[in-house]
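*Asks:* I'm passing along structure_2.cif; it holds mmCIF, C-alpha atoms and all ligand atoms.
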data_upload
#
loop_
_atom_site.label_atom_id
_atom_site.label_comp_id
_atom_site.auth_asym_id
_atom_site.auth_seq_id
_atom_site.Cartn_x
_atom_site.Cartn_y
_atom_site.Cartn_z
CA MET A 1 -1.48 18.48 10.58
CA ASN A 2 -3.66 15.57 9.56
CA PHE A 3 -2.33 12.95 7.20
CA GLN A 4 -2.64 9.24 6.69
CA VAL A 5 0.35 7.04 5.93
CA PRO A 6 1.63 5.56 3.74
CA LEU A 7 1.73 8.60 1.50
CA ILE A 8 3.63 9.92 -1.50
CA ALA A 9 5.57 13.17 -0.96
CA PRO A 10 6.30 14.74 -4.36
CA SER A 11 9.80 16.21 -4.65
CA ILE A 12 9.70 19.51 -6.54
CA LEU A 13 13.31 19.01 -7.69
CA ALA A 14 11.81 17.33 -10.76
CA ALA A 15 9.13 20.00 -11.33
CA ASP A 16 9.21 22.55 -14.15
CA PHE A 17 10.51 25.64 -12.37
CA SER A 18 9.04 27.94 -15.01
CA LYS A 19 5.61 26.88 -13.71
CA LEU A 20 6.42 25.64 -10.24
CA GLY A 21 3.21 26.89 -8.64
CA SER A 22 0.93 25.13 -11.12
CA ASP A 23 2.96 21.87 -10.98
CA ILE A 24 2.59 21.89 -7.19
CA GLN A 25 -1.11 22.65 -7.45
CA ASP A 26 -1.53 19.75 -9.90
CA ALA A 27 0.02 17.38 -7.34
CA VAL A 28 -2.19 18.83 -4.58
CA LYS A 29 -5.26 18.29 -6.80
CA GLY A 30 -4.26 14.65 -7.02
CA GLY A 31 -4.26 14.43 -3.23
CA ALA A 32 -0.69 15.38 -2.24
CA SER A 33 -0.61 16.56 1.38
CA TRP A 34 3.21 16.78 1.67
CA ILE A 35 5.63 18.69 -0.58
CA HIS A 36 9.27 17.57 -0.42
CA CYS A 37 11.96 20.25 -0.94
CA ASP A 38 15.54 19.17 -1.73
CA ILE A 39 18.15 21.71 -0.68
CA MET A 40 21.63 21.11 -2.17
CA ASP A 41 24.69 23.28 -1.60
CA GLY A 42 27.29 21.96 -4.05
CA HIS A 43 29.48 20.84 -1.11
CA PHE A 44 27.69 18.10 0.79
CA VAL A 45 26.36 16.85 -2.55
CA PRO A 46 27.73 17.48 -6.05
CA ASN A 47 24.79 19.58 -7.18
CA ILE A 48 23.17 22.93 -6.37
CA SER A 49 19.38 23.17 -6.24
CA TYR A 50 17.59 26.05 -4.53
CA GLY A 51 17.23 27.77 -1.17
CA PRO A 52 14.66 29.22 1.24
CA GLY A 53 13.21 31.60 -1.39
CA VAL A 54 11.89 28.69 -3.45
CA VAL A 55 10.57 26.93 -0.34
CA LYS A 56 8.66 30.11 0.50
CA ALA A 57 7.22 30.31 -3.03
CA ALA A 58 6.22 26.62 -2.87
CA LYS A 59 4.47 27.20 0.45
CA GLN A 60 2.63 30.19 -1.03
CA SER A 61 1.38 28.14 -3.95
CA ALA A 62 0.04 25.43 -1.60
CA PRO A 63 -0.47 26.94 1.86
CA GLU A 64 -2.42 23.88 3.00
CA ALA A 65 0.44 21.45 2.18
CA PHE A 66 2.95 20.16 4.73
CA MET A 67 6.40 21.49 3.77
CA ASP A 68 9.01 18.76 4.13
CA VAL A 69 12.52 20.25 3.83
CA HIS A 70 15.45 17.88 3.21
CA LEU A 71 18.76 19.66 3.80
CA MET A 72 21.66 18.21 1.82
CA ILE A 73 24.03 20.91 2.97
CA GLU A 74 27.06 21.31 5.19
CA ASN A 75 26.54 23.13 8.49
CA PRO A 76 22.75 22.62 8.36
CA GLY A 77 22.38 24.18 11.81
CA MET A 78 23.35 27.57 10.38
CA TYR A 79 20.34 27.62 8.07
CA VAL A 80 17.55 26.23 10.24
CA GLU A 81 16.08 29.65 11.01
CA ALA A 82 15.99 30.64 7.32
CA PHE A 83 13.92 27.56 6.47
CA VAL A 84 11.66 28.09 9.47
CA GLN A 85 10.96 31.61 8.14
CA ALA A 86 10.35 30.16 4.67
CA GLY A 87 7.49 28.03 6.00
CA ALA A 88 9.01 24.59 6.67
CA ASP A 89 6.93 22.20 8.80
CA LEU A 90 9.65 19.53 8.98
CA ILE A 91 13.41 19.94 8.58
CA SER A 92 15.58 16.85 8.07
CA VAL A 93 19.36 16.90 8.40
CA HIS A 94 21.93 14.33 7.32
CA TYR A 95 23.76 12.35 9.99
CA GLU A 96 26.86 12.72 7.78
CA ALA A 97 26.63 16.53 7.54
CA ASP A 98 26.53 17.70 11.13
CA HIS A 99 29.14 17.30 13.87
CA HIS A 100 26.48 18.33 16.40
CA LEU A 101 23.45 16.39 15.26
CA HIS A 102 21.76 16.28 18.65
CA ARG A 103 22.02 20.04 19.07
CA CYS A 104 20.70 20.64 15.56
CA ILE A 105 17.67 18.40 16.18
CA GLN A 106 16.90 20.21 19.43
CA ASN A 107 17.21 23.53 17.64
CA ILE A 108 14.69 22.53 14.95
CA LYS A 109 12.25 21.36 17.63
CA LYS A 110 12.73 24.59 19.59
CA TYR A 111 11.01 26.37 16.69
CA GLY A 112 8.03 24.01 17.05
CA LEU A 113 8.84 22.10 13.84
CA MET A 114 9.16 18.37 13.30
CA ALA A 115 12.79 17.21 13.08
CA GLY A 116 14.16 14.42 10.91
CA VAL A 117 17.50 12.65 10.55
CA VAL A 118 18.70 11.32 7.18
CA VAL A 119 21.11 8.47 6.45
CA ASN A 120 23.03 7.93 3.23
CA PRO A 121 23.09 4.43 1.69
CA ALA A 122 26.55 3.64 3.15
CA THR A 123 25.74 4.76 6.70
CA SER A 124 24.89 2.07 9.26
CA LEU A 125 21.54 2.63 10.97
CA HIS A 126 23.21 1.98 14.32
CA ASN A 127 24.88 5.38 14.06
CA ILE A 128 21.56 7.14 14.60
CA GLU A 129 20.36 4.92 17.45
CA PRO A 130 21.22 7.57 20.11
CA VAL A 131 18.81 10.10 18.55
CA LEU A 132 15.92 7.79 17.64
CA GLY A 133 14.00 8.94 20.71
CA ASP A 134 14.44 12.60 19.70
CA VAL A 135 13.37 12.64 16.07
CA ASP A 136 9.94 12.73 14.42
CA LEU A 137 11.16 11.11 11.22
CA VAL A 138 14.04 9.02 9.88
CA LEU A 139 14.80 9.28 6.17
CA ILE A 140 16.56 6.39 4.48
CA MET A 141 18.22 7.49 1.25
CA SER A 142 17.56 4.89 -1.42
CA VAL A 143 19.93 6.65 -3.85
CA ASN A 144 23.12 8.60 -3.24
CA PRO A 145 21.86 12.14 -2.72
CA GLY A 146 22.42 14.88 -5.27
CA PHE A 147 20.29 14.07 -8.28
CA GLY A 148 16.79 13.05 -9.22
CA GLY A 149 16.07 10.24 -11.65
CA GLN A 150 18.43 7.60 -10.21
CA SER A 151 17.63 3.92 -9.63
CA PHE A 152 16.39 2.63 -6.29
CA ILE A 153 19.19 0.79 -4.41
CA GLN A 154 17.83 -2.70 -3.71
CA LYS A 155 19.53 -2.99 -0.31
CA SER A 156 17.18 -0.22 0.89
CA TYR A 157 14.38 -2.77 1.38
CA ASP A 158 16.45 -4.49 4.09
CA ARG A 159 17.29 -1.16 5.65
CA LEU A 160 13.62 -0.18 5.84
CA ARG A 161 12.81 -3.48 7.54
CA GLU A 162 15.74 -3.06 9.94
CA LEU A 163 14.63 0.45 10.88
CA SER A 164 11.05 -0.75 11.40
CA GLN A 165 12.35 -3.35 13.82
CA MET A 166 14.44 -0.75 15.65
CA ARG A 167 11.33 1.42 15.99
CA ASP A 168 9.28 -1.45 17.42
CA LYS A 169 12.04 -2.60 19.74
CA GLY A 170 12.66 0.89 21.14
CA ASN A 171 8.95 1.73 21.24
CA HIS A 172 9.64 4.86 19.18
CA GLY A 173 7.09 6.96 17.31
CA PHE A 174 9.10 8.38 14.38
CA LEU A 175 7.87 8.18 10.79
CA ILE A 176 9.95 6.25 8.27
CA GLN A 177 10.64 8.04 5.00
CA VAL A 178 12.42 6.83 1.89
CA ASP A 179 13.83 9.01 -0.88
CA GLY A 180 15.08 8.21 -4.38
CA GLY A 181 14.04 6.00 -7.26
CA VAL A 182 10.46 5.41 -6.12
CA ASN A 183 8.17 4.68 -9.06
CA LEU A 184 4.97 2.92 -10.11
CA LYS A 185 6.72 -0.44 -10.21
CA ASN A 186 8.27 -0.45 -6.73
CA ALA A 187 6.07 1.84 -4.58
CA GLN A 188 3.95 -0.96 -3.16
CA LYS A 189 6.97 -3.08 -2.21
CA VAL A 190 8.69 -0.04 -0.65
CA ALA A 191 5.63 0.67 1.51
CA GLU A 192 5.39 -2.99 2.48
CA ALA A 193 9.03 -2.90 3.63
CA GLY A 194 8.06 -0.24 6.17
CA ALA A 195 8.07 3.22 4.54
CA ASP A 196 5.40 5.64 5.76
CA ILE A 197 6.41 8.54 3.51
CA LEU A 198 7.66 7.78 -0.01
CA VAL A 199 9.38 10.69 -1.75
CA ALA A 200 8.85 10.67 -5.51
CA GLY A 201 10.32 13.26 -7.87
CA SER A 202 10.63 12.30 -11.52
CA SER A 203 7.91 9.66 -11.34
CA VAL A 204 5.41 12.41 -10.42
CA PHE A 205 6.59 15.50 -12.29
CA SER A 206 7.80 13.93 -15.54
CA ALA A 207 4.24 12.80 -16.24
CA GLN A 208 2.10 14.63 -18.80
CA ASP A 209 -0.74 14.60 -16.31
CA ILE A 210 0.77 15.21 -12.85
CA THR A 211 -2.58 14.94 -11.06
CA ALA A 212 -3.39 11.55 -12.59
CA ARG A 213 0.14 10.25 -11.98
CA PHE A 214 0.07 11.28 -8.34
CA LYS A 215 -3.23 9.43 -7.86
CA GLU A 216 -1.87 6.37 -9.62
CA LEU A 217 1.24 6.28 -7.42
CA GLN A 218 -0.69 6.88 -4.22
CA GLY A 219 -3.12 4.14 -5.34
CA LYS A 220 -0.25 1.62 -5.32
CA LEU A 221 -0.02 2.06 -1.54
CA GLY A 222 -3.51 0.62 -0.95
C1 LIG A 301 17.98 13.08 -4.18
C2 LIG A 301 16.79 13.83 -3.62
C3 LIG A 301 15.47 13.23 -3.97
C4 LIG A 301 15.15 13.25 -5.42
C5 LIG A 301 14.21 12.13 -5.73
O1 LIG A 301 19.14 13.69 -3.77
O2 LIG A 301 16.87 13.88 -2.21
O3 LIG A 301 14.40 13.80 -3.21
O4 LIG A 301 14.59 14.46 -5.83
O5 LIG A 301 14.05 12.09 -7.08
P1 LIG A 301 13.61 10.78 -7.87
O6 LIG A 301 12.24 10.41 -7.32
O7 LIG A 301 13.55 11.25 -9.27
O8 LIG A 301 14.61 9.71 -7.59
ZN ZN A 302 15.03 14.48 -0.83
#
Write the structure described by the file as structure tokens, please.
*Replies:*
Amino acid sequence: MNFQVPLIAPSILAADFSKLGSDIQDAVKGGASWIHCDIMDGHFVPNISYGPGVVKAAKQSAPEAFMDVHLMIENPGMYVEAFVQAGADLISVHYEADHHLHRCIQNIKKYGLMAGVVVNPATSLHNIEPVLGDVDLVLIMSVNPGFGGQSFIQKSYDRLRELSQMRDKGNHGFLIQVDGGVNLKNAQKVAEAGADILVAGSSVFSAQDITARFKELQGKLG
């Protein structure tokens, strides 16, 4: 898969599900190469979103897009295969959700997918240090997971810089992703703090013209 960072990954959580395919296509027309899928189980986070069936439908409506699956569920290891079958290219699991994180990461990679680890705002980055050499991506949550449309937590800028330094120091190759509250006002600053992949839900899909809004947001990244 060929993509240039920094890039905006639209989160379909904020799309209109009655016309999901055309909303996704509108983002792709604007240049979106990644599609971010938020899976919520009502246990790990206080909200329920959708499962592998919707990921499969999203993939079908944009077969050329890179499917980025963010699991906000308990026992993520149990569901890896279902999301592989649905067409995921990357599966990210929360540090806080899995007692056997290392095993889960290896399992995702065994299927030939990229594997990511996610940290909630209250989780110290040092907790994931042992797996930094194993993952393809680290996702820093810039809101508490569960809902779209929340405000970016300011402390996340420091955390992005800290993770960037950890990557340099350890000579690691993982991508840095950030998720929650990214908008036209802060996207440039977020990228400058070290984010390679900026997830954006409501700021893309609440626009009248999704294609134009995607281009505008991506344009903020230079
Ligand atoms: C939050 C999700 C995010 C969310 C982002 O739990 O992981 O991906 O959809 O939405 P916005 O961009 O609206 O904050
Ligand atoms: Zn997400």
*Asks:* Which one of A:Ile108, A:Asn75, A:Gly146, A:Ile140 sits closest to Pro46 of chain A if you count only C-alpha atoms?
*Replies:*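 Using only C-alpha atoms, the shortest distance to Pro46 of chain A belongs to A:Gly146.
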*Asks:* Please identify every polymer residue within 6 Å of ligand LIG 301 (chain A), using all atoms listed in the file, and present the set as an MDAnalysis selection string.
*Replies:* chainID A and resid 11 13 38 145:150 179:182 200:203
*Asks:* Using only C-alpha atoms for the distances, tell me which of A:Gln60, A:Asn144, A:Ser18, A:Ser151 is nearest to Val119 of chain A.
*Replies:*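 Checking each candidate against Val119 of chain A, we get A:Asn144 as the closest.
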*Asks:* For Asn127 of chain A, work out the shell of residues within 12 Å, counting all atoms listed in the file and skipping chain neighbours fewer than 4 positions away, then give it as JSON, numbers by chain.
*Replies:* {"A": [94, 95, 96, 101, 117, 118, 119, 120, 122, 123, 131, 132, 163]}
*Asks:* Which one of A:Ser164, A:Asn186, A:Asn107, A:Ser92 sits closest to ligand ZN 302 (chain A) if you count all atoms listed in the file?
*Replies:*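 Closest to ligand ZN 302 (chain A), using all atoms listed in the file: A:Ser92.
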*Asks:* Could you tell me which of A:Gln188, A:Thr211, A:Gln177, A:Ser206 comes closest to ligand ZN 302 (chain A) if we count only C-alpha atoms and all ligand atoms?
*Replies:*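 Of the candidates, the smallest distance to ligand ZN 302 (chain A) is held by A:Gln177.
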*Asks:* Suppose you want the space between atom CA of Lys189 of chain A and atom CA of Tyr157 of chain A; what is it in Å?
*Replies:*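 That distance, rounded to one decimal, is 8.2 Å.
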*Asks:* Write out as an mmCIF file with C-alpha atoms, keeping the file's coordinate frame which residues come within 7 Å of Asp89 of chain A when counting all atoms listed in the file, dropping same-chain ones fewer than 5 positions away.
*Replies:*
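The result, stored in around.cif:
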data_model
loop_
_atom_site.group_PDB
_atom_site.id
_atom_site.type_symbol
_atom_site.label_atom_id
_atom_site.label_comp_id
_atom_site.auth_asym_id
_atom_site.auth_seq_id
_atom_site.Cartn_x
_atom_site.Cartn_y
_atom_site.Cartn_z
ATOM 1 C CA PHE A 66 2.950 20.160 4.730
ATOM 2 C CA MET A 67 6.400 21.490 3.770
ATOM 3 C CA ASP A 68 9.010 18.760 4.130
ATOM 4 C CA LEU A 113 8.840 22.100 13.840
ATOM 5 C CA MET A 114 9.160 18.370 13.300
#
*Asks:* When you count only C-alpha atoms and all ligand atoms, which of these residues is closest to ligand ZN 302 (chain A): A:Gln165, A:Asn171, A:Ser142, A:Gln106?
*Replies:*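 Between A:Gln165, A:Asn171, A:Ser142, A:Gln106, the residue approaching ligand ZN 302 (chain A) most closely is A:Ser142.
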*Asks:* Atom CA of Glu81 of chain A to atom ZN of ligand ZN 302 (chain A): how many Å, to one decimal?
*Replies:* 19.3 Å
*Asks:* So which one's closest to Phe3 of chain A, A:Ala15, A:Ile128, A:Ile197, A:Val138? Using all atoms listed in the file, please.
*Replies:*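 With all atoms listed in the file as the atom set, the closest residue is A:Ile197.
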*Asks:* So which residues touch segment 50-52 of chain A within 6 Å, counting all atoms listed in the file, skipping near sequence neighbours fewer than 3 positions away, as a ChimeraX atom specification?
*Replies:* /A:39,55,83,86
*Asks:* Provide the atom CA of Asp209 of chain A to atom CA of Val28 of chain A distance in Å, to one decimal place.
*Replies:*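 If I compute the distance from atom CA of Asp209 of chain A to atom CA of Val28 of chain A, I get 12.6 Å.
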*Asks:* Find the residues near Arg103 of chain A: any atom within 12 Å, counting all atoms listed in the file, skip ones fewer than 4 places away on the same chain, and give them as a list in words.
*Replies:*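 Near Arg103 of chain A, the qualifying residues are Asn75, Pro76, Gly77, Met78, Val80, Val93, Asp98, His99, Asn107, Ile108, Lys109, Lys110, Ala115, Val131, Asp134 and Val135 of chain A.
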*Asks:* Filtering to N, CA, C and O atoms, could segment 142-178 of chain A of the supplied structure be written out as a JSON list (two decimals), in the first residue's frame?
*Replies:*
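Output (selection-v6.json):
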[["chain", "number", "residue", "atom", "x", "y", "z"],
["A", 142, "SER", "N", -6.79, 11.12, 21.66],
["A", 142, "SER", "CA", -6.81, 12.53, 22.09],
["A", 142, "SER", "C", -8.19, 12.92, 22.62],
["A", 142, "SER", "O", -8.47, 14.10, 22.86],
["A", 143, "VAL", "N", -9.05, 11.91, 22.80],
["A", 143, "VAL", "CA", -10.30, 12.03, 23.57],
["A", 143, "VAL", "C", -10.45, 10.70, 24.32],
["A", 143, "VAL", "O", -9.76, 9.74, 24.00],
["A", 144, "ASN", "N", -11.35, 10.65, 25.28],
["A", 144, "ASN", "CA", -11.67, 9.36, 25.88],
["A", 144, "ASN", "C", -12.56, 8.61, 24.91],
["A", 144, "ASN", "O", -13.58, 9.16, 24.46],
["A", 145, "PRO", "N", -12.19, 7.38, 24.55],
["A", 145, "PRO", "CA", -12.88, 6.70, 23.46],
["A", 145, "PRO", "C", -14.34, 6.40, 23.79],
["A", 145, "PRO", "O", -14.70, 6.21, 24.95],
["A", 146, "GLY", "N", -15.15, 6.37, 22.75],
["A", 146, "GLY", "CA", -16.56, 6.01, 22.91],
["A", 146, "GLY", "C", -17.49, 6.85, 22.05],
["A", 146, "GLY", "O", -18.54, 6.37, 21.64],
["A", 147, "PHE", "N", -17.09, 8.09, 21.79],
["A", 147, "PHE", "CA", -18.00, 8.98, 21.08],
["A", 147, "PHE", "C", -17.24, 9.89, 20.12],
["A", 147, "PHE", "O", -16.11, 10.30, 20.43],
["A", 148, "GLY", "N", -17.87, 10.22, 19.02],
["A", 148, "GLY", "CA", -17.34, 11.23, 18.13],
["A", 148, "GLY", "C", -17.72, 12.61, 18.64],
["A", 148, "GLY", "O", -18.50, 12.74, 19.60],
["A", 149, "GLY", "N", -17.14, 13.62, 18.05],
["A", 149, "GLY", "CA", -17.55, 15.00, 18.35],
["A", 149, "GLY", "C", -17.06, 15.58, 19.66],
["A", 149, "GLY", "O", -17.59, 16.59, 20.12],
["A", 150, "GLN", "N", -16.06, 14.97, 20.30],
["A", 150, "GLN", "CA", -15.54, 15.51, 21.55],
["A", 150, "GLN", "C", -14.36, 16.46, 21.27],
["A", 150, "GLN", "O", -13.84, 16.51, 20.16],
["A", 151, "SER", "N", -13.95, 17.20, 22.31],
["A", 151, "SER", "CA", -12.86, 18.16, 22.14],
["A", 151, "SER", "C", -11.50, 17.50, 22.34],
["A", 151, "SER", "O", -11.32, 16.67, 23.23],
["A", 152, "PHE", "N", -10.57, 17.93, 21.54],
["A", 152, "PHE", "CA", -9.18, 17.46, 21.59],
["A", 152, "PHE", "C", -8.57, 17.78, 22.97],
["A", 152, "PHE", "O", -8.63, 18.93, 23.42],
["A", 153, "ILE", "N", -8.00, 16.79, 23.61],
["A", 153, "ILE", "CA", -7.35, 17.00, 24.93],
["A", 153, "ILE", "C", -5.97, 17.59, 24.69],
["A", 153, "ILE", "O", -5.12, 16.98, 24.02],
["A", 154, "GLN", "N", -5.75, 18.80, 25.24],
["A", 154, "GLN", "CA", -4.54, 19.57, 24.93],
["A", 154, "GLN", "C", -3.24, 18.85, 25.27],
["A", 154, "GLN", "O", -2.23, 18.99, 24.59],
["A", 155, "LYS", "N", -3.27, 18.06, 26.33],
["A", 155, "LYS", "CA", -2.09, 17.31, 26.77],
["A", 155, "LYS", "C", -1.57, 16.36, 25.67],
["A", 155, "LYS", "O", -0.40, 15.94, 25.69],
["A", 156, "SER", "N", -2.44, 16.05, 24.71],
["A", 156, "SER", "CA", -2.06, 15.11, 23.64],
["A", 156, "SER", "C", -0.89, 15.62, 22.81],
["A", 156, "SER", "O", -0.14, 14.82, 22.25],
["A", 157, "TYR", "N", -0.74, 16.94, 22.71],
["A", 157, "TYR", "CA", 0.41, 17.47, 21.96],
["A", 157, "TYR", "C", 1.72, 16.99, 22.58],
["A", 157, "TYR", "O", 2.63, 16.54, 21.89],
["A", 158, "ASP", "N", 1.81, 17.07, 23.91],
["A", 158, "ASP", "CA", 3.02, 16.61, 24.62],
["A", 158, "ASP", "C", 3.22, 15.12, 24.41],
["A", 158, "ASP", "O", 4.34, 14.65, 24.25],
["A", 159, "ARG", "N", 2.12, 14.40, 24.43],
["A", 159, "ARG", "CA", 2.23, 12.94, 24.29],
["A", 159, "ARG", "C", 2.71, 12.56, 22.88],
["A", 159, "ARG", "O", 3.47, 11.61, 22.71],
["A", 160, "LEU", "N", 2.27, 13.30, 21.89],
["A", 160, "LEU", "CA", 2.74, 13.04, 20.52],
["A", 160, "LEU", "C", 4.24, 13.30, 20.42],
["A", 160, "LEU", "O", 4.99, 12.52, 19.82],
["A", 161, "ARG", "N", 4.68, 14.40, 21.03],
["A", 161, "ARG", "CA", 6.11, 14.72, 21.00],
["A", 161, "ARG", "C", 6.91, 13.66, 21.75],
["A", 161, "ARG", "O", 7.98, 13.24, 21.30],
["A", 162, "GLU", "N", 6.37, 13.23, 22.90],
["A", 162, "GLU", "CA", 7.07, 12.21, 23.70],
["A", 162, "GLU", "C", 7.21, 10.90, 22.91],
["A", 162, "GLU", "O", 8.28, 10.29, 22.89],
["A", 163, "LEU", "N", 6.13, 10.52, 22.23],
["A", 163, "LEU", "CA", 6.17, 9.27, 21.46],
["A", 163, "LEU", "C", 7.15, 9.39, 20.29],
["A", 163, "LEU", "O", 7.88, 8.45, 19.97],
["A", 164, "SER", "N", 7.17, 10.55, 19.66],
["A", 164, "SER", "CA", 8.13, 10.80, 18.56],
["A", 164, "SER", "C", 9.56, 10.59, 19.04],
["A", 164, "SER", "O", 10.38, 9.98, 18.37],
["A", 165, "GLN", "N", 9.83, 11.12, 20.24],
["A", 165, "GLN", "CA", 11.18, 10.98, 20.81],
["A", 165, "GLN", "C", 11.49, 9.51, 21.11],
["A", 165, "GLN", "O", 12.59, 9.05, 20.88],
["A", 166, "MET", "N", 10.49, 8.80, 21.62],
["A", 166, "MET", "CA", 10.70, 7.37, 21.92],
["A", 166, "MET", "C", 10.99, 6.60, 20.63],
["A", 166, "MET", "O", 11.82, 5.69, 20.60],
["A", 167, "ARG", "N", 10.31, 7.01, 19.55],
["A", 167, "ARG", "CA", 10.54, 6.34, 18.26],
["A", 167, "ARG", "C", 11.96, 6.59, 17.76],
["A", 167, "ARG", "O", 12.65, 5.67, 17.33],
["A", 168, "ASP", "N", 12.39, 7.85, 17.86],
["A", 168, "ASP", "CA", 13.76, 8.18, 17.42],
["A", 168, "ASP", "C", 14.80, 7.44, 18.26],
["A", 168, "ASP", "O", 15.73, 6.85, 17.73],
["A", 169, "LYS", "N", 14.60, 7.52, 19.58],
["A", 169, "LYS", "CA", 15.56, 6.94, 20.51],
["A", 169, "LYS", "C", 15.71, 5.43, 20.29],
["A", 169, "LYS", "O", 16.81, 4.88, 20.30],
["A", 170, "GLY", "N", 14.59, 4.76, 20.06],
["A", 170, "GLY", "CA", 14.61, 3.30, 19.91],
["A", 170, "GLY", "C", 14.83, 2.87, 18.47],
["A", 170, "GLY", "O", 14.82, 1.69, 18.17],
["A", 171, "ASN", "N", 14.97, 3.88, 17.57],
["A", 171, "ASN", "CA", 15.15, 3.57, 16.15],
["A", 171, "ASN", "C", 14.00, 2.71, 15.61],
["A", 171, "ASN", "O", 14.23, 1.78, 14.84],
["A", 172, "HIS", "N", 12.78, 3.03, 16.01],
["A", 172, "HIS", "CA", 11.62, 2.26, 15.60],
["A", 172, "HIS", "C", 11.02, 2.83, 14.31],
["A", 172, "HIS", "O", 11.27, 3.98, 13.96],
["A", 173, "GLY", "N", 10.16, 2.01, 13.66],
["A", 173, "GLY", "CA", 9.59, 2.45, 12.39],
["A", 173, "GLY", "C", 8.09, 2.62, 12.41],
["A", 173, "GLY", "O", 7.47, 2.81, 11.36],
["A", 174, "PHE", "N", 7.45, 2.56, 13.58],
["A", 174, "PHE", "CA", 5.98, 2.62, 13.63],
["A", 174, "PHE", "C", 5.44, 4.00, 13.22],
["A", 174, "PHE", "O", 6.13, 5.01, 13.38],
["A", 175, "LEU", "N", 4.23, 3.99, 12.70],
["A", 175, "LEU", "CA", 3.53, 5.23, 12.39],
["A", 175, "LEU", "C", 2.88, 5.75, 13.67],
["A", 175, "LEU", "O", 2.50, 4.97, 14.55],
["A", 176, "ILE", "N", 2.74, 7.07, 13.76],
["A", 176, "ILE", "CA", 2.06, 7.67, 14.91],
["A", 176, "ILE", "C", 0.69, 8.19, 14.45],
["A", 176, "ILE", "O", 0.61, 8.98, 13.50],
["A", 177, "GLN", "N", -0.34, 7.70, 15.13],
["A", 177, "GLN", "CA", -1.71, 8.09, 14.78],
["A", 177, "GLN", "C", -2.33, 8.81, 15.97],
["A", 177, "GLN", "O", -1.99, 8.53, 17.12],
["A", 178, "VAL", "N", -3.25, 9.71, 15.68],
["A", 178, "VAL", "CA", -3.97, 10.41, 16.74],
["A", 178, "VAL", "C", -5.45, 10.38, 16.39],
["A", 178, "VAL", "O", -5.82, 10.40, 15.21]]
